[in-house]
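Structure file my_file14.txt (compact mmCIF, C-alpha atoms (C1' of nucleotides)) is printed below.
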# COMPACT_ATOMS: atom_id res chain seq x y z
CA MET K 1 -42.08 -75.09 49.59
CA GLU K 2 -41.81 -75.73 53.28
CA PRO K 3 -43.32 -78.95 54.52
CA ILE K 4 -46.21 -78.39 56.85
CA ARG K 5 -48.49 -80.54 58.91
CA LEU K 6 -51.95 -80.78 57.42
CA THR K 7 -54.65 -80.31 60.01
CA PRO K 8 -58.40 -80.61 59.74
CA THR K 9 -58.40 -76.90 59.05
CA SER K 10 -56.12 -77.51 56.10
CA TYR K 11 -58.41 -80.09 54.62
CA ILE K 12 -61.44 -77.93 55.04
CA VAL K 13 -59.78 -75.12 53.14
CA LEU K 14 -58.44 -77.47 50.54
CA GLY K 15 -61.80 -79.13 50.11
CA LEU K 16 -63.62 -75.88 49.70
CA VAL K 17 -61.16 -74.49 47.20
CA ILE K 18 -61.38 -77.68 45.17
CA GLU K 19 -65.14 -77.52 45.18
CA ALA K 20 -65.24 -73.89 44.16
CA GLY K 21 -62.47 -74.04 41.58
CA GLU K 22 -61.08 -70.81 42.88
CA ALA K 23 -61.76 -68.75 45.96
CA THR K 24 -60.72 -65.71 47.87
CA PRO K 25 -60.51 -65.92 51.65
CA TYR K 26 -63.75 -64.06 51.78
CA ASP K 27 -65.44 -66.63 49.62
CA LEU K 28 -64.14 -69.30 51.95
CA LYS K 29 -65.51 -67.47 54.90
CA ALA K 30 -68.92 -67.42 53.30
CA MET K 31 -68.75 -71.08 52.37
CA VAL K 32 -67.77 -72.04 55.89
CA ALA K 33 -70.56 -69.99 57.38
CA GLY K 34 -73.12 -71.50 55.04
CA GLY K 35 -72.69 -75.10 55.94
CA ILE K 36 -69.63 -76.81 57.19
CA GLY K 37 -69.14 -74.26 59.91
CA ASN K 38 -71.91 -75.92 61.85
CA LEU K 39 -69.86 -79.05 62.04
CA TRP K 40 -66.39 -77.61 62.33
CA SER K 41 -66.06 -73.86 62.51
CA LEU K 42 -63.08 -71.75 61.54
CA GLN K 43 -62.14 -68.42 62.98
CA HIS K 44 -62.12 -65.86 60.21
CA THR K 45 -58.48 -65.11 60.83
CA GLN K 46 -57.70 -68.69 60.04
CA VAL K 47 -59.52 -68.43 56.78
CA TYR K 48 -56.94 -65.85 55.81
CA ALA K 49 -53.93 -67.53 57.39
CA GLU K 50 -54.47 -71.10 56.34
CA PRO K 51 -54.42 -70.59 52.56
CA GLU K 52 -51.10 -68.81 52.96
CA ARG K 53 -49.68 -71.75 54.79
CA LEU K 54 -50.99 -74.09 52.13
CA THR K 55 -49.52 -71.93 49.42
CA LYS K 56 -46.08 -71.94 50.98
CA ALA K 57 -46.27 -75.70 51.08
CA GLY K 58 -47.27 -75.97 47.45
CA TYR K 59 -50.86 -77.12 47.83
CA LEU K 60 -52.42 -73.95 46.54
CA THR K 61 -51.42 -71.13 44.23
CA GLU K 62 -52.08 -67.54 45.01
CA THR K 63 -52.74 -64.77 42.53
CA ARG K 64 -53.71 -61.25 43.35
CA GLU K 65 -56.34 -59.14 41.70
CA GLU K 66 -54.90 -56.12 40.00
CA GLY K 67 -57.59 -53.61 40.86
CA GLY K 68 -58.51 -51.86 44.05
CA ARG K 69 -58.80 -54.40 46.77
CA ARG K 70 -56.12 -56.62 45.35
CA ARG K 71 -57.74 -59.68 46.77
CA LYS K 72 -55.94 -62.96 46.86
CA VAL K 73 -57.41 -65.72 44.75
CA TYR K 74 -56.47 -69.28 45.51
CA ARG K 75 -56.52 -72.33 43.32
CA VAL K 76 -55.50 -75.87 44.10
CA THR K 77 -52.35 -77.46 42.67
CA PRO K 78 -52.03 -81.09 41.67
CA ALA K 79 -50.19 -81.68 44.93
CA GLY K 80 -53.08 -80.18 46.82
CA ARG K 81 -55.62 -82.22 44.99
CA SER K 82 -53.79 -85.45 45.60
CA ALA K 83 -53.17 -84.71 49.27
CA PHE K 84 -56.84 -84.07 49.70
CA GLY K 85 -57.79 -87.19 47.81
CA ALA K 86 -55.46 -89.28 49.93
CA TRP K 87 -56.93 -87.88 53.12
CA LEU K 88 -60.47 -88.54 51.92
CA GLY K 89 -59.60 -92.14 51.25
CA GLU K 90 -57.82 -92.88 54.52
CA GLU K 91 -59.52 -94.38 57.49
CA PRO K 92 -60.35 -91.46 59.73
CA SER K 93 -58.03 -91.33 62.71
CA ALA K 94 -59.86 -92.31 65.80
CA ASP K 95 -59.96 -89.41 68.14
CA PRO K 96 -63.41 -89.66 69.59
CA PRO K 97 -65.36 -86.43 69.36
CA GLU K 98 -65.96 -84.62 72.63
CA LEU K 99 -69.06 -82.79 73.67
CA ARG K 100 -67.26 -79.67 74.93
CA ASP K 101 -70.38 -77.95 76.08
CA ILE K 102 -69.98 -75.22 78.64
CA GLY K 103 -73.38 -75.79 80.17
CA LEU K 104 -72.69 -79.45 80.60
CA LEU K 105 -69.35 -78.63 82.18
CA LYS K 106 -71.15 -76.60 84.79
CA VAL K 107 -73.59 -79.39 85.45
CA PHE K 108 -70.66 -81.72 85.91
CA PHE K 109 -69.29 -79.43 88.58
CA GLY K 110 -72.56 -79.24 90.40
CA ALA K 111 -74.41 -76.26 88.95
CA ASP K 112 -78.17 -76.41 89.25
CA PRO K 113 -79.28 -78.26 86.12
CA ARG K 114 -82.72 -76.70 85.94
CA GLN K 115 -81.33 -73.18 85.71
CA ILE K 116 -79.15 -74.14 82.82
CA ALA K 117 -81.45 -76.52 81.06
CA ALA K 118 -84.19 -74.04 80.27
CA ARG K 119 -81.94 -71.89 78.18
CA GLN K 120 -80.21 -74.80 76.53
CA VAL K 121 -83.51 -76.22 75.40
CA ARG K 122 -84.40 -72.96 73.74
CA GLU K 123 -81.13 -72.69 71.92
CA HIS K 124 -81.03 -76.23 70.73
CA ARG K 125 -84.59 -76.03 69.54
CA ALA K 126 -83.64 -72.97 67.51
CA LYS K 127 -80.65 -74.75 66.06
CA LEU K 128 -82.80 -77.73 65.29
CA SER K 129 -85.30 -75.80 63.28
CA GLU K 130 -82.52 -73.97 61.49
CA TYR K 131 -81.17 -77.36 60.44
CA GLN K 132 -84.58 -78.53 59.38
CA GLU K 133 -84.91 -75.62 57.02
CA LEU K 134 -81.45 -76.22 55.71
CA GLU K 135 -82.38 -79.80 55.08
CA GLN K 136 -85.29 -78.73 52.92
CA ALA K 137 -83.00 -76.50 50.97
CA LEU K 138 -80.50 -79.28 50.38
CA GLN K 139 -83.08 -81.93 49.48
CA GLY K 140 -83.11 -81.14 45.84
CA ALA K 141 -79.52 -80.25 45.19
CA ASP K 142 -77.05 -83.00 44.32
CA VAL K 143 -75.09 -82.60 47.51
CA SER K 144 -75.23 -85.89 49.29
CA GLY K 145 -72.17 -85.26 51.47
CA PRO K 146 -73.37 -82.05 53.07
CA LEU K 147 -76.83 -83.53 53.42
CA LEU K 148 -75.55 -86.57 55.25
CA ALA K 149 -73.44 -84.42 57.53
CA LEU K 150 -76.40 -82.22 58.22
CA ARG K 151 -78.45 -85.21 59.25
CA ALA K 152 -75.83 -86.04 61.84
CA GLY K 153 -76.22 -82.54 63.16
CA LEU K 154 -79.98 -82.94 63.24
CA GLY K 155 -79.73 -86.11 65.23
CA HIS K 156 -77.49 -84.58 67.82
CA GLU K 157 -79.57 -81.47 68.15
CA ARG K 158 -82.61 -83.62 68.75
CA GLU K 159 -80.66 -85.49 71.37
CA TRP K 160 -79.62 -82.26 73.05
CA VAL K 161 -83.19 -81.08 73.16
CA ARG K 162 -84.32 -84.37 74.61
CA TYR K 163 -81.58 -84.30 77.23
CA TRP K 164 -82.02 -80.74 78.42
CA ALA K 165 -85.78 -80.90 78.29
CA GLU K 166 -85.71 -83.86 80.61
CA LEU K 167 -83.49 -81.99 83.05
CA ALA K 168 -85.57 -78.88 82.81
CA ASP K 169 -88.73 -80.37 84.17
CA GLU K 170 -87.28 -83.01 86.40
CA ASP K 171 -88.88 -82.64 89.85
CA ALA K 172 -89.88 -79.15 88.78
CA MET T 1 -50.61 -61.37 90.43
CA GLU T 2 -51.08 -60.82 86.77
CA PRO T 3 -54.64 -60.73 85.55
CA ILE T 4 -55.43 -63.56 83.18
CA ARG T 5 -58.38 -64.65 81.15
CA LEU T 6 -60.12 -67.65 82.61
CA THR T 7 -60.90 -70.26 80.01
CA PRO T 8 -62.83 -73.49 80.27
CA THR T 9 -59.50 -75.14 80.92
CA SER T 10 -59.02 -72.85 83.89
CA TYR T 11 -62.35 -73.77 85.39
CA ILE T 12 -61.76 -77.44 84.93
CA VAL T 13 -58.48 -77.21 86.80
CA LEU T 14 -59.99 -74.98 89.44
CA GLY T 15 -62.96 -77.25 89.88
CA LEU T 16 -60.85 -80.35 90.23
CA VAL T 17 -58.49 -78.77 92.73
CA ILE T 18 -61.43 -77.57 94.79
CA GLU T 19 -62.95 -81.02 94.77
CA ALA T 20 -59.74 -82.72 95.75
CA GLY T 21 -58.61 -80.19 98.34
CA GLU T 22 -55.11 -80.37 97.00
CA ALA T 23 -53.60 -81.85 93.91
CA THR T 24 -50.43 -82.25 91.93
CA PRO T 25 -50.52 -81.94 88.18
CA TYR T 26 -50.29 -85.65 88.00
CA ASP T 27 -53.33 -86.06 90.19
CA LEU T 28 -55.16 -83.70 87.90
CA LYS T 29 -54.16 -85.72 84.92
CA ALA T 30 -55.63 -88.81 86.51
CA MET T 31 -58.83 -87.04 87.49
CA VAL T 32 -59.28 -85.72 83.98
CA ALA T 33 -58.70 -89.13 82.47
CA GLY T 34 -61.16 -90.75 84.81
CA GLY T 35 -64.22 -88.78 84.00
CA ILE T 36 -64.41 -85.27 82.76
CA GLY T 37 -61.90 -85.94 80.02
CA ASN T 38 -64.65 -87.68 78.09
CA LEU T 39 -66.53 -84.46 77.93
CA TRP T 40 -63.69 -82.00 77.64
CA SER T 41 -60.18 -83.36 77.45
CA LEU T 42 -56.98 -81.59 78.38
CA GLN T 43 -53.58 -82.18 76.91
CA HIS T 44 -51.23 -83.30 79.65
CA THR T 45 -48.95 -80.37 79.01
CA GLN T 46 -51.83 -78.12 79.85
CA VAL T 47 -52.36 -79.89 83.10
CA TYR T 48 -48.90 -78.72 84.05
CA ALA T 49 -49.09 -75.28 82.51
CA GLU T 50 -52.54 -74.20 83.59
CA PRO T 51 -52.05 -74.41 87.37
CA GLU T 52 -48.98 -72.21 86.97
CA ARG T 53 -51.02 -69.63 85.16
CA LEU T 54 -53.68 -69.80 87.84
CA THR T 55 -51.07 -69.45 90.54
CA LYS T 56 -49.56 -66.35 88.99
CA ALA T 57 -53.02 -64.86 88.92
CA GLY T 58 -53.67 -65.66 92.56
CA TYR T 59 -56.30 -68.35 92.18
CA LEU T 60 -54.14 -71.18 93.43
CA THR T 61 -51.16 -71.55 95.73
CA GLU T 62 -48.24 -73.72 94.89
CA THR T 63 -46.00 -75.56 97.32
CA ARG T 64 -43.28 -77.97 96.40
CA GLU T 65 -42.47 -81.27 97.99
CA GLU T 66 -39.05 -81.24 99.55
CA GLY T 67 -37.95 -84.74 98.66
CA GLY T 68 -36.84 -86.32 95.41
CA ARG T 69 -39.40 -85.50 92.79
CA ARG T 70 -40.19 -82.11 94.22
CA ARG T 71 -43.70 -82.26 92.94
CA LYS T 72 -45.84 -79.19 92.94
CA VAL T 73 -48.93 -79.30 95.10
CA TYR T 74 -51.73 -76.89 94.38
CA ARG T 75 -54.48 -75.59 96.62
CA VAL T 76 -57.22 -73.14 95.88
CA THR T 77 -57.23 -69.61 97.32
CA PRO T 78 -60.36 -67.71 98.37
CA ALA T 79 -60.06 -65.76 95.13
CA GLY T 80 -60.00 -69.00 93.21
CA ARG T 81 -62.96 -70.39 95.04
CA SER T 82 -65.04 -67.32 94.45
CA ALA T 83 -64.11 -67.04 90.79
CA PHE T 84 -65.18 -70.63 90.35
CA GLY T 85 -68.40 -70.10 92.23
CA ALA T 86 -69.23 -67.07 90.14
CA TRP T 87 -68.66 -68.97 86.95
CA LEU T 88 -70.81 -71.86 88.11
CA GLY T 89 -73.65 -69.48 88.80
CA GLU T 90 -73.54 -67.55 85.54
CA GLU T 91 -75.63 -68.39 82.55
CA PRO T 92 -73.39 -70.41 80.31
CA SER T 93 -72.25 -68.40 77.32
CA ALA T 94 -73.94 -69.59 74.22
CA ASP T 95 -71.39 -70.97 71.89
CA PRO T 96 -73.16 -73.93 70.41
CA PRO T 97 -71.14 -77.12 70.62
CA GLU T 98 -69.78 -78.47 67.37
CA LEU T 99 -69.51 -82.06 66.29
CA ARG T 100 -65.92 -81.83 65.05
CA ASP T 101 -65.75 -85.37 63.92
CA ILE T 102 -63.13 -86.25 61.35
CA GLY T 103 -65.15 -89.05 59.85
CA LEU T 104 -68.11 -86.80 59.39
CA LEU T 105 -65.89 -84.18 57.81
CA LYS T 106 -64.87 -86.71 55.20
CA VAL T 107 -68.45 -87.65 54.55
CA PHE T 108 -69.24 -83.99 54.06
CA PHE T 109 -66.58 -83.80 51.39
CA GLY T 110 -67.87 -86.82 49.60
CA ALA T 111 -66.02 -89.78 51.04
CA ASP T 112 -67.82 -93.09 50.75
CA PRO T 113 -70.00 -93.24 53.86
CA ARG T 114 -70.11 -97.01 54.07
CA GLN T 115 -66.35 -97.34 54.32
CA ILE T 116 -66.24 -94.95 57.18
CA ALA T 117 -69.40 -95.95 58.93
CA ALA T 118 -68.40 -99.51 59.72
CA ARG T 119 -65.49 -98.45 61.83
CA GLN T 120 -67.32 -95.59 63.45
CA VAL T 121 -70.06 -97.91 64.59
CA ARG T 122 -67.54 -100.17 66.25
CA GLU T 123 -65.84 -97.37 68.07
CA HIS T 124 -68.98 -95.70 69.25
CA ARG T 125 -70.38 -98.98 70.43
CA ALA T 126 -67.22 -99.48 72.46
CA LYS T 127 -67.48 -96.02 73.91
CA LEU T 128 -71.11 -96.62 74.69
CA SER T 129 -70.48 -99.73 76.71
CA GLU T 130 -67.61 -98.04 78.49
CA TYR T 131 -70.04 -95.34 79.52
CA GLN T 132 -72.61 -97.86 80.60
CA GLU T 133 -70.13 -99.45 82.95
CA LEU T 134 -69.13 -96.08 84.26
CA GLU T 135 -72.76 -95.33 84.89
CA GLN T 136 -73.10 -98.41 87.05
CA ALA T 137 -70.05 -97.36 89.00
CA LEU T 138 -71.44 -93.89 89.58
CA GLN T 139 -74.96 -95.03 90.50
CA GLY T 140 -74.26 -95.42 94.16
CA ALA T 141 -71.85 -92.57 94.80
CA ASP T 142 -73.23 -89.14 95.65
CA VAL T 143 -72.01 -87.58 92.46
CA SER T 144 -75.02 -86.22 90.69
CA GLY T 145 -73.08 -83.77 88.52
CA PRO T 146 -70.77 -86.28 86.90
CA LEU T 147 -73.62 -88.71 86.56
CA LEU T 148 -75.78 -86.20 84.73
CA ALA T 149 -72.92 -85.27 82.46
CA LEU T 150 -72.27 -88.91 81.76
CA ARG T 151 -75.88 -89.39 80.74
CA ALA T 152 -75.45 -86.68 78.15
CA GLY T 153 -72.47 -88.60 76.84
CA LEU T 154 -74.51 -91.77 76.76
CA GLY T 155 -77.25 -90.14 74.76
CA HIS T 156 -74.88 -88.81 72.17
CA GLU T 157 -73.02 -92.06 71.83
CA ARG T 158 -76.29 -93.81 71.23
CA GLU T 159 -77.10 -91.24 68.61
CA TRP T 160 -73.75 -91.75 66.92
CA VAL T 161 -74.27 -95.48 66.82
CA ARG T 162 -77.72 -95.01 65.36
CA TYR T 163 -76.43 -92.60 62.75
CA TRP T 164 -73.44 -94.58 61.56
CA ALA T 165 -75.25 -97.89 61.68
CA GLU T 166 -77.87 -96.50 59.37
CA LEU T 167 -75.21 -95.34 56.94
CA ALA T 168 -73.33 -98.59 57.18
CA ASP T 169 -76.09 -100.76 55.77
CA GLU T 170 -77.82 -98.29 53.57
CA ASP T 171 -78.23 -99.87 50.14
CA ALA T 172 -75.55 -102.33 51.18
C1' DA E 1 -28.59 -106.44 97.31
C1' DC E 2 -28.59 -104.65 93.03
C1' DA E 3 -29.17 -104.23 87.83
C1' DG E 4 -32.33 -102.96 84.78
C1' DG E 5 -36.68 -102.20 82.84
C1' DA E 6 -41.46 -100.46 83.60
C1' DA E 7 -44.22 -97.14 85.37
C1' DT E 8 -44.58 -92.73 87.12
C1' DC E 9 -43.82 -87.85 86.94
C1' DG E 10 -42.32 -83.56 84.65
C1' DT E 11 -40.48 -80.09 81.16
C1' DT E 12 -39.32 -77.81 76.82
C1' DC E 13 -40.01 -76.38 72.24
C1' DT E 14 -42.55 -75.55 68.11
C1' DT E 15 -46.59 -74.88 65.61
C1' DA E 16 -51.58 -74.10 65.25
C1' DA E 17 -55.81 -71.92 66.82
C1' DT E 18 -58.36 -68.37 69.17
C1' DG E 19 -59.77 -63.77 70.35
C1' DT E 20 -59.86 -59.12 69.74
C1' DA E 21 -59.12 -55.06 67.86
C1' DC E 22 -58.40 -52.44 64.14
C1' DC E 23 -57.81 -50.64 59.09
C1' DA E 24 -59.24 -50.10 54.14
C1' DT E 25 -62.33 -50.31 50.21
C1' DT E 26 -66.73 -50.35 47.98
C1' DC E 27 -71.52 -49.48 47.60
C1' DG E 28 -76.04 -47.55 48.20
C1' DG E 29 -79.14 -43.98 49.64
C1' DG E 30 -80.46 -39.36 51.13
C1' DC G 1 -71.45 -36.25 46.76
C1' DC G 2 -70.73 -37.64 51.21
C1' DC G 3 -71.53 -40.66 54.85
C1' DG G 4 -72.60 -44.80 57.00
C1' DA G 5 -73.09 -49.74 56.32
C1' DA G 6 -71.41 -53.72 54.43
C1' DT G 7 -67.56 -55.89 52.65
C1' DG G 8 -62.85 -57.42 52.69
C1' DG G 9 -58.34 -57.79 55.14
C1' DT G 10 -54.44 -57.60 58.70
C1' DA G 11 -51.82 -57.60 63.11
C1' DC G 12 -50.91 -59.06 67.45
C1' DA G 13 -51.20 -61.31 71.88
C1' DT G 14 -52.66 -65.28 74.30
C1' DT G 15 -53.90 -70.09 74.72
C1' DA G 16 -53.97 -74.86 73.10
C1' DA G 17 -52.06 -78.75 70.91
C1' DG G 18 -48.40 -81.94 69.66
C1' DA G 19 -44.28 -84.21 69.94
C1' DA G 20 -40.20 -85.29 71.91
C1' DC G 21 -37.49 -86.00 75.63
C1' DG G 22 -35.59 -86.27 80.71
C1' DA G 23 -35.70 -87.66 85.36
C1' DT G 24 -37.21 -90.33 89.53
C1' DT G 25 -39.19 -94.22 91.74
C1' DC G 26 -40.77 -98.89 91.95
C1' DC G 27 -40.61 -103.62 91.13
C1' DT G 28 -38.80 -107.96 89.89
C1' DG G 29 -35.44 -111.59 88.91
C1' DT G 30 -31.26 -113.49 90.00

Once more with this new file: its structure as C-alpha cells, please.
Amino acid sequence: MEPIRLTPTSYIVLGLVIEAGEATPYDLKAMVAGGIGNLWSLQHTQVYAEPERLTKAGYLTETREEGGRRRKVYRVTPAGRSAFGAWLGEEPSADPPELRDIGLLKVFFGADPRQIAARQVREHRAKLSEYQELEQALQGADVSGPLLALRAGLGHEREWVRYWAELADEDA
Amino acid sequence: MEPIRLTPTSYIVLGLVIEAGEATPYDLKAMVAGGIGNLWSLQHTQVYAEPERLTKAGYLTETREEGGRRRKVYRVTPAGRSAFGAWLGEEPSADPPELRDIGLLKVFFGADPRQIAARQVREHRAKLSEYQELEQALQGADVSGPLLALRAGLGHEREWVRYWAELADEDA
DNA sequence: ACAGGAATCGTTCTTAATGTACCATTCGGG
DNA sequence: CCCGAATGGTACATTAAGAACGATTCCTGT
C-alpha cells in the first residue's frame, strides 16, 4: 500500500478500468488505441506497468486467470473510484498544452516551410477524415464525453490543415 | 565521445547554442522561456543536463568561467553544426502531435464541461493576447522562423478559445 | 560599509515515461 | 498437424519530469 503520485496516466487507466468494470492490460491497450489515445497516448509498456503501480497503492485489485496465459485482470477499489471522482471534480491544473510538433520545431529553426508543409497537410487531412468518420460512429452512442473530446481534436486538425496549407502555397 | 540518441530536446539546445554563438545553461533557460518554450518547453534541469550529454558526444564544447560562479559556457562543434543541419533538412518524422490537455481529458471521462470551460476560456484568451503582443514584437525583426511558429500557436489558441467558449454557454 | 534579503545560477535525487527488443501463447489455414 | 500470424506480455536501458535544496551575486537601507 505504498503511496504514489497519481499522474494523468494513472487517471486514464483508472478511468478506463472504471468504465469497463474489469480489464486486462491488453483490453486497456485496445481501449486507448480506439479513442483516447488520439488525445493522450500511452506507450504499451505503460499500459502494463501503470496498473501494477495502482494496485500496489490500493486503487486497483489484480487477479490472475488460472488457465494458459494467466492474464492479469484489474478491477477498481473504492479508493480508486473515489480518487478518480475527486480528480474529475477538481479544477484542472493549469499547465497550458504545448504544440510539440517536430515539423513546427524545424520551421522555428529556419527550415524551409514549403518543404515541410506539403507533407504535413497530407497527414493532417488524413487525420481529419479519420476523425470525421469516428464522429459519425459516435453520433448515436450515448458517449458525450468522448464525442466532445473528439470535436476538440477535429477543430485542431482543421486548424493544422489551414495553417500548413497556407504555408505550402505561399509565394509558391 | 559516447554515441547518444539525439532527441527533440537535443536539437532545441543545439539550435539555440548555434543561434547564440555561445551560451550558458542559464542563457538557454532564458531563451527557451522567451519563445520556443511555448511550443516545446524544457524543464530547467534538462537545460543543465542536456548540454552535458551533447558535450560527451562531441556536439558541443564546454569551458568553465574561472571566477566565482564558474559557469559552464557551451559552443557548438562542427559535428554539432552538421548534425543540426542534417536534422533541419530531413523530412520531419510523422508522429502526430497530441492535444494532451488535462481539462479535455476530464471532459472525455464525463466531467461537466461547463465547469471546466469557463476557466479554460479565460486562460486561453490570456495566452492569445500574450501571443498577439509577441507577434507585434517579432514583426520587425528578421526572424521568420519564430514568427511562423508563433502564428501556429496563435491559430491553435484561437481554436481553443472557440472550442471552450462554445462549451461554456451551451444550454447555459 | 555592511547586513540581509532578493534575484540569479546550479545541482542532486527520485520517480515516471519512452523506446526497443524480445519471449510466449493461441488461433486459423493449408 | 504444423507453421506463421496475431495476440498477449516482459525486461531493460535511456531520457524526461518533478521537487527540493545549495550557492553566489546584487541591491538596498541604514

Nearest residue to chain T from the set K:Trp164, K:Tyr59, K:Tyr131, K:Tyr26 (distances using all atoms listed in the file): K:Trp164

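Residues having any atom no farther than 12 Å from (-86.5, -79.2, 60.1) (counting only C-alpha atoms (C1' of nucleotides)) are K:Arg125, K:Ala126, K:Lys127, K:Leu128, K:Ser129, K:Glu130, K:Tyr131, K:Gln132, K:Glu133, K:Leu134, K:Glu135, K:Gln136, K:Ala137, K:Leu138, K:Gln139, K:Leu150, K:Arg151, K:Gly153, K:Leu154, K:Gly155, K:Glu157, K:Arg158.
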
Write the residues of the preceding selection, restricted to C-alpha atoms, as a PDB file, in the frame of the given file.
ATOM      1  CA  ARG K 125     -84.590 -76.030  69.540  1.00  0.00           C
ATOM      2  CA  ALA K 126     -83.640 -72.970  67.510  1.00  0.00           C
ATOM      3  CA  LYS K 127     -80.650 -74.750  66.060  1.00  0.00           C
ATOM      4  CA  LEU K 128     -82.800 -77.730  65.290  1.00  0.00           C
ATOM      5  CA  SER K 129     -85.300 -75.800  63.280  1.00  0.00           C
ATOM      6  CA  GLU K 130     -82.520 -73.970  61.490  1.00  0.00           C
ATOM      7  CA  TYR K 131     -81.170 -77.360  60.440  1.00  0.00           C
ATOM      8  CA  GLN K 132     -84.580 -78.530  59.380  1.00  0.00           C
ATOM      9  CA  GLU K 133     -84.910 -75.620  57.020  1.00  0.00           C
ATOM     10  CA  LEU K 134     -81.450 -76.220  55.710  1.00  0.00           C
ATOM     11  CA  GLU K 135     -82.380 -79.800  55.080  1.00  0.00           C
ATOM     12  CA  GLN K 136     -85.290 -78.730  52.920  1.00  0.00           C
ATOM     13  CA  ALA K 137     -83.000 -76.500  50.970  1.00  0.00           C
ATOM     14  CA  LEU K 138     -80.500 -79.280  50.380  1.00  0.00           C
ATOM     15  CA  GLN K 139     -83.080 -81.930  49.480  1.00  0.00           C
ATOM     16  CA  LEU K 150     -76.400 -82.220  58.220  1.00  0.00           C
ATOM     17  CA  ARG K 151     -78.450 -85.210  59.250  1.00  0.00           C
ATOM     18  CA  GLY K 153     -76.220 -82.540  63.160  1.00  0.00           C
ATOM     19  CA  LEU K 154     -79.980 -82.940  63.240  1.00  0.00           C
ATOM     20  CA  GLY K 155     -79.730 -86.110  65.230  1.00  0.00           C
ATOM     21  CA  GLU K 157     -79.570 -81.470  68.150  1.00  0.00           C
ATOM     22  CA  ARG K 158     -82.610 -83.620  68.750  1.00  0.00           C
TER      23      ARG K 158
END

Using only C-alpha atoms (C1' of nucleotides), what table do you get, as CSV, when you list each residue of chain G with an atom no more than 8 Å from chain T, its nearest pair of atoms, and their distance in Å rounded to one decimal, rows by chain then rising number?
residue,atom,partner,partner_atom,distance
G:DA16,C1',T:Gln46,CA,7.8
G:DA17,C1',T:Gln43,CA,7.1
G:DT24,C1',T:Arg69,CA,6.2

- request: Compute the chain E side of the contact with chain T at 10 Å, counting all atoms listed in the file, and hand it back as number ranges by chain.
  value: E: 8-11

Find the nearest atom pair between each residue of chain T and chain K for residues within 8 Å, count all atoms listed in the file, give distances in Å to one decimal, sort rows by chain and ascending number, and present the table as a tab-separated table.
residue	atom	partner	partner_atom	distance
T:Pro8	CA	K:Ile102	CA	7.5
T:Gly15	CA	K:Phe109	CA	6.8
T:Ile36	CA	K:Phe108	CA	7.8
T:Asn38	CA	K:Glu98	CA	6.4
T:Leu39	CA	K:Leu99	CA	5.2
T:Trp40	CA	K:Arg100	CA	5.1
T:Ser41	CA	K:Glu98	CA	7.6
T:Leu88	CA	K:Ala111	CA	5.7
T:Gly89	CA	K:Ala111	CA	6.8
T:Glu91	CA	K:Ile116	CA	6.7
T:Pro92	CA	K:Gly103	CA	5.4
T:Ser93	CA	K:Ile102	CA	7.3
T:Pro96	CA	K:Asp101	CA	7.5
T:Pro97	CA	K:Asp101	CA	5.6
T:Glu98	CA	K:Leu39	CA	5.4
T:Leu99	CA	K:Leu39	CA	5.2
T:Arg100	CA	K:Trp40	CA	5.0
T:Asp101	CA	K:Pro97	CA	5.6
T:Ile102	CA	K:Pro92	CA	6.1
T:Gly103	CA	K:Pro92	CA	5.4
T:Leu104	CA	K:Ala149	CA	6.1
T:Leu105	CA	K:Ala149	CA	7.6
T:Lys106	CA	K:Leu88	CA	5.8
T:Val107	CA	K:Gly145	CA	5.4
T:Phe108	CA	K:Gly145	CA	4.1
T:Phe109	CA	K:Gly145	CA	5.8
T:Gly110	CA	K:Gly145	CA	4.9
T:Ala111	CA	K:Leu88	CA	5.8
T:Ile116	CA	K:Glu91	CA	6.8
T:Ser144	CA	K:Gly110	CA	7.4
T:Gly145	CA	K:Phe108	CA	4.1
T:Pro146	CA	K:Phe108	CA	4.7
T:Leu147	CA	K:Phe108	CA	7.6
T:Leu148	CA	K:Phe108	CA	6.9
T:Ala149	CA	K:Phe108	CA	5.4
T:Ala152	CA	K:Tyr163	CA	6.6
T:Gly153	CA	K:Leu99	CA	7.4
T:Gly155	CA	K:Glu159	CA	6.7
T:His156	CA	K:His156	CA	6.6
T:Glu159	CA	K:Gly155	CA	6.7
T:Trp160	CA	K:Ala152	CA	7.9
T:Tyr163	CA	K:Ala152	CA	6.6

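Residue nearest Gly80 in chain T within the list T:Ala117, T:Gly21, T:Thr55, T:Glu65: T:Thr55 [criterion: smallest interatomic distance, all atoms listed in the file].
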